Structures are given as structure tokens and as C-alpha cells.
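*Asks:* Following this message is one structure expressed as C-alpha cells.
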Amino acid sequence: MEHMYLPGTIRDRITDLMKEHKISQTDLAVRIGTTDSTISRFLTGKTDKLSDENIIRIARAFNVSTDFLLGVSNIPDRKNFEIAELGLSVQAARNLYTGKVSPDVVNRLLESPRFAEVTYMLEQYFDDTLAEGFAGQNQLYATLSAMLRNKVKTDAAVQAAQTVNRMRVPAYQADLTFIQNQFMAAIREVKKEIVSDFTAIQAMNKEVAEKIFTELTKGQDVQHPTATPEQIADAITRSVAGIEGVHQQALDKLGSALVEFMNSTLQQVTEQEKDDAGKG
């Protein structure tokens with residue numbers, strides 16, 4: 001989970017990061033290629049000037065985003081990386097950006113410690129690290145088996161030779177078995193997390209629904225409640241008003257759309273009832 005900080009100014013951010021990383025003003029000045037007095041004057045408020053280049057270098061020194069330093073974001077982690085920094089090919093990045101692969105699935109797998117192990121197993125599989133070892137082992141078994149057959153002419157030796165020969169393992173079999181087992185274990189762990197998320201969403205939706213119901217039936221006969229489309233739309237928009245990133249303009253549009261939809265639906269129901277009554 002991402003670590004969040006309390007809101008703060010650029011001075012607060014730099015001071016906190018220096019304390020967290022146990023870096024003095026002098027050390028920081030050396031790292032970013034400026035003078036100790038430049039850092040000191042800025043942090044003590046004697047000057048409000050700190051060049052853009054110094055801000056960028058400080059962010060790099062602490063491996064945080066410039067938005068975090070400037071107080072725009074309370075999450076220090078960098079959000080933007082060069083493709084080369086991530087070790088991705090242009091095609092791999094394009095597949096993510098265009099949605100040819102699921103970003104959500106990729107994120108969940110990359111966050112899985114077990115999947116991290118799988119990637120190193122795959123690396124060894126691709127460069128034959130383990131396969132070479134098993135190939136050498138198989139060659140040893142083959143040599144021992146041949147020596148037992150050719151130099152010791154007894155039934156026991158023949159049987160021993162056969163036993164040694166059966167100990168040979170296909171060079172890639174062990175790799176593939178390990179990879180398959182670990183990959184499936186990683187998938188199962190990710191699936192458990194998704195189920196947990198789904199359960200949490202269900203609980204949240206239930207809580208929101210109960211809140212809306214309480215708002216709509218306040219002061220009414222619960223057995224025979226009445227609510228206008230406007231009241232329902234207002235209750236729904238108020239229930240999501242506190243969600244981060246939801247703006248009032250969007251809520252107003254949602255409310256208007258809900259009222260229009262419900263009025264249209266009610267009108268169709270009323271007309272249908274009239275038609276049914278006329279036919280009766």
C-alpha cells in the first residue's frame with residue numbers, strides 16, 4: 001500500500017525527507033550540486049527562491065515525485081517513469097497503454113511477491129540456467145549406467161544400471177514444474193485478494209443502500225413510503241458526494257439524468273396502466 005503524508009509545504013517535505021533518510025543539509029547540498037547556504041536559507045525562510053532544477057534534483061535524490069515535494073500530492077511515489085527506467089520495451093508499453101493487455105491484471109501480478117519469484121524462474125528457464133545443471137546430471141547418470149553395464153557383468157550390476165538410468169530427468173521438466181506450481185499459486189493468491197475486494201464492495205454498496213433508504217423514509221410510514229424522483233436522485237447523489245474525485249458539476253448532471261430517467265419510466269408505467277384499463 002502507498003505511504004501517505006500529511007499535507008505540507010515544500011519546506012515541510014524537504015525537512016521530513018531529510019529526517020526520514022537521516023541526511024544533513026550539507027549532504028543534500030552535495031547530492032544536488034548546490035551550496036549548503038542555498039538549502040539553509042530556503043529551509044529557514046530567509047528566501048523563497050529554490051530553482052526548478054534544484055527541486056527536480058531533490059526529488060531524484062529522495063526518489064519522490066516533484067508533485068509530492070511541491071505539496072500537490074501527499075503520496076511520495078513517482079507516478080511517471082521513462083519506459084527505459086522500467087525496463088519495458090516500447091511494444092510492451094504500447095500494449096499496456098492501448099489495452100491489449102489488462103492493466104489491472106498486470107498490476108495485481110506485479111504486486112504479488114510469489115509472482116516476482118516466478119519471473120526469476122522464467123529468467124532461469126529462458127537462459128537454461130537450471131537446464132544445464134540437469135543436462136550435466138543426466139550425462140553423469142548415463143556414464144555411470146554405461147560403466148555398470150560394460151564393466152560389471154552381473155545381474156545386480158545390470159539392475160543397478162537400469163536404476164541409475166531411470167534417475168535421468170528431462171532437462172526442462174523440473175523448470176516447468178516449478179514454474180507452473182508457483183504461477184498457479186500466485187494466481188490463487190491474487191484471486192483471493194479480488195474476492196476480498198468484491199466482498200468489501202458488496203458491504204459498501206449495502207451500507208450506501210441502507211443510508212439512501214433511511215433518508216427517503218425519514219418521517220414516513222415505512223410500510224407505505226412515498227418518494228419523488230427528485231428525492232431519490234438527491235439521496236443517491238448525496239451518498240456519493242464524499243468520494244474523492246467526484247465534483248459537484250458531475251453530481252448535478254447525474255442528478256438531472258436520474259430525475260429524467262425516473263420521470264420517463266413512471267410516465268411509461270402510467271400510460272401502460274391506462275392502456276390496460278381501457279382494454280379491460
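Residue numbering restarts at 1 for every chain of the C-alpha cells, chains are lettered A, B, ... in their displayed order, and ligands are numbered from 1 as they appear.
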Need to verify the contact set: Val190 (chain A), 9 Å, only C-alpha atoms, exclusion of same-chain residues closer than 4 positions in sequence. Can you return it as a compact mmCIF listing (two decimals) with N, CA and C atoms, in the first residue's frame?
*Replies:*
```
# COMPACT_ATOMS: atom_id res chain seq x y z
N ARG A 108 -1.89 -6.40 -10.54
CA ARG A 108 -2.06 -7.37 -9.45
C ARG A 108 -0.94 -8.41 -9.44
N LEU A 109 -0.54 -8.85 -10.61
CA LEU A 109 0.54 -9.84 -10.69
C LEU A 109 1.88 -9.23 -10.25
N SER A 112 2.33 -9.06 -6.60
CA SER A 112 2.38 -10.35 -5.90
C SER A 112 3.82 -10.79 -5.67
N ALA A 185 0.02 -20.82 -7.89
CA ALA A 185 -0.10 -20.35 -6.50
C ALA A 185 -0.27 -18.83 -6.48
N ALA A 186 0.47 -18.13 -7.35
CA ALA A 186 0.34 -16.67 -7.44
C ALA A 186 -1.05 -16.28 -7.91
N ILE A 194 -8.94 -10.46 -4.94
CA ILE A 194 -10.06 -9.94 -5.71
C ILE A 194 -11.37 -10.26 -5.02
N VAL A 195 -11.50 -11.47 -4.49
CA VAL A 195 -12.71 -11.86 -3.76
C VAL A 195 -12.89 -10.96 -2.55
```
*Asks:* Determine, counting only C-alpha atoms, which protein, DNA and RNA residues have an atom within 7 Å of an atom of region 227-233 of chain A; residues of the same chain fewer than 6 positions away are not included. Present the result as number ranges by chain.
*Replies:* A: 216, 255, 258-259, 262-263
*Asks:* May I have the selected residues written with C-alpha atoms, as a PDB file, in the first residue's frame?
*Replies:*
```
ATOM      1  CA  LEU A 216     -36.018   8.502   1.826  1.00  0.00           C
ATOM      2  CA  GLY A 255     -28.974  14.046 -10.512  1.00  0.00           C
ATOM      3  CA  LEU A 258     -31.647  10.254 -12.786  1.00  0.00           C
ATOM      4  CA  VAL A 259     -34.696  12.520 -12.470  1.00  0.00           C
ATOM      5  CA  MET A 262     -37.264   8.069 -13.462  1.00  0.00           C
ATOM      6  CA  ASN A 263     -39.881  10.527 -14.762  1.00  0.00           C
TER       7      ASN A 263
END
```
*Asks:* Can you tell me, as a list in words, what residues are no more than 12 Å from Met18 (chain A) when counting only C-alpha atoms, ignoring any on the same chain fewer than 6 positions away?
*Replies:* Arg11, Asp12, Ser24, Gln25, Thr26, Asp27, Leu28, Ala29, Ile39, Leu43, Ile58, Ala59, Ala61 and Phe62 of chain A
*Asks:* May I ask which of the residues A:Thr9, A:Ser89, A:Asn54, A:Thr34 is the closest one to Ser73 (chain A), counting only C-alpha atoms?
*Replies:*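 Of all the options, A:Thr9 lies closest to Ser73 (chain A).
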*Asks:* Could you go through region 2-154 of chain A and tell me which residues DSSP, when run on the backbone, assigns to alpha helix (DSSP H), listing them as a PyMOL selection string?
*Replies:* chain A and resi 10-21+25-32+36-43+52-62+66-69+83-86+90-98+103-110+113-126+129-151
*Asks:* So, with only C-alpha atoms as the atoms that count, which of A:Arg168, A:Ile75, A:Ala160, A:Asp104 lies closest to Gln139 (chain A)?
*Replies:*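 Among A:Arg168, A:Ile75, A:Ala160, A:Asp104, it is A:Arg168 that comes nearest to Gln139 (chain A).
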*Asks:* Could you check how far CA of Val64 (chain A) sits from CA of Ala92 (chain A), in Å to one decimal?
*Replies:*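 That distance, rounded to one decimal, is 24.7 Å.
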